[in-house]
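Peer 1: Here it is, the structure, as structure tokens.
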Amino acid sequence: MSPPAALPPGDLPAALRSPAPAAQQGSPPLHEFALADAVVKAAVRAAREAGIDRVEAVVVRVGELQQIATDLFEFSLTQVLPPSDPLLEGARFVVEREAVVFRCRVCGREFGTGDLGEAPGADEAEAVHFIPELAHAFVRCPGCGSPDFDILAGRGVTLERIEGRGGDLPGSP
Ligand code: ZN
């Protein structure tokens with residue numbers, strides 16, 4: 001692991017010093033690509049450890065609160081495959097969404113976004129999906145109204161499972 005290269009600010013062209021506009025067209029989805037790259041590397045490692053010679057499917061679970069564009073992520077997964085590695089050749093990627101589960105720290109009630117009823121407005125629910133940290137600003141326990149809760153599920157990206165075949169492969173058709 002090497003840290004990302006850092007240049008003194010003075011050496012950067014002016015255009016690179018300020019963040020690119022969010023709506024800029026044609027820029028690569030770096031976030032999704034970085035996640036996809038990490039998932040593929042983890043899948044390769046896990047397949048080797050499991051003695052799988054040919055991976056047929058990789059199932060990835062993405063939390064409902066994870067800030068990610070699923071279609072971009074699926075596209076990225078097919079783009080970051082190591083071209084010279086036959087292990088993942090032809091593998092399917094399945095992206096499953098994991099529903100968020102909150103648990104109230106006051107009354108212990110567990111609830112999801114479907115239990116929130118009319119509490120958050122549509123815009124606020126959207127904001128919560130894109131900025132999970134905002135959940136605490138908008139979400140209230142439907143039982144007691146407390147804003148104090150833990151997030152039990154629905155965050156992060158998990159390599160759920162790998163489906164494939166082991167060492168006794170028949171010859172290719
Ligand atoms: Zn509560």
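The way I read the labels, and the way they are meant: chains A, B, ... in the order of the structure tokens, residue 1 as the first residue of every chain, and ligand 1 as the first ligand shown, with later ones counted on from there.
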Enumerate, as a ChimeraX atom specification, the complete set of residues in region 26-162 of chain A that a backbone-based DSSP assignment places in strand (DSSP E or B).
Peer 2: /A:54-63,92-98,101-104,110-111,149-153,157-162
Peer 1: Keeping C-alpha atoms for every residue in the selection just given, could you write it to a file as an mmCIF file, in the first residue's frame?
Peer 2:
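Output saved as again03.cif:
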```cif
data_model
loop_
_atom_site.group_PDB
_atom_site.id
_atom_site.type_symbol
_atom_site.label_atom_id
_atom_site.label_comp_id
_atom_site.auth_asym_id
_atom_site.auth_seq_id
_atom_site.Cartn_x
_atom_site.Cartn_y
_atom_site.Cartn_z
ATOM 1 C CA ARG A 54 -13.465 -19.945 -12.619
ATOM 2 C CA VAL A 55 -15.756 -17.411 -11.002
ATOM 3 C CA GLU A 56 -19.279 -17.389 -12.418
ATOM 4 C CA ALA A 57 -20.903 -14.755 -10.250
ATOM 5 C CA VAL A 58 -19.868 -12.185 -7.692
ATOM 6 C CA VAL A 59 -22.615 -10.968 -5.397
ATOM 7 C CA VAL A 60 -22.040 -7.566 -3.836
ATOM 8 C CA ARG A 61 -24.270 -6.037 -1.183
ATOM 9 C CA VAL A 62 -24.562 -2.281 -1.121
ATOM 10 C CA GLY A 63 -26.151 -0.545 1.831
ATOM 11 C CA ARG A 92 -21.543 -11.896 -13.669
ATOM 12 C CA PHE A 93 -21.788 -9.207 -11.062
ATOM 13 C CA VAL A 94 -24.940 -9.031 -8.990
ATOM 14 C CA VAL A 95 -25.498 -5.925 -6.894
ATOM 15 C CA GLU A 96 -27.985 -6.325 -4.059
ATOM 16 C CA ARG A 97 -29.212 -3.411 -1.981
ATOM 17 C CA GLU A 98 -29.282 -3.856 1.770
ATOM 18 C CA VAL A 101 -31.941 -0.693 9.898
ATOM 19 C CA PHE A 102 -31.912 1.916 12.640
ATOM 20 C CA ARG A 103 -32.129 1.091 16.348
ATOM 21 C CA CYS A 104 -33.291 3.673 18.812
ATOM 22 C CA GLU A 110 -35.607 -1.131 15.366
ATOM 23 C CA PHE A 111 -36.949 0.569 12.273
ATOM 24 C CA PHE A 149 -30.145 5.894 17.196
ATOM 25 C CA ASP A 150 -27.579 3.483 15.849
ATOM 26 C CA ILE A 151 -27.382 2.357 12.237
ATOM 27 C CA LEU A 152 -27.314 -1.456 12.379
ATOM 28 C CA ALA A 153 -27.378 -2.180 8.661
ATOM 29 C CA VAL A 157 -20.225 -2.228 0.440
ATOM 30 C CA THR A 158 -19.816 -5.936 1.218
ATOM 31 C CA LEU A 159 -18.560 -8.809 -0.878
ATOM 32 C CA GLU A 160 -21.512 -11.096 -0.147
ATOM 33 C CA ARG A 161 -20.464 -14.290 -1.905
ATOM 34 C CA ILE A 162 -18.704 -15.759 -4.900
#
```
Peer 1: Show me which residues sit within 7 Å of ligand 1 when counting only C-alpha atoms and all ligand atoms, and put them as a PyMOL selection string.
Peer 2: chain A and resi 104-109+141-146
Peer 1: Looking at only C-alpha atoms, which of A:Val139, A:Val44, A:Leu30, A:Leu65 is the one that sits closest to Val100 (chain A)?
Peer 2: A:Leu65
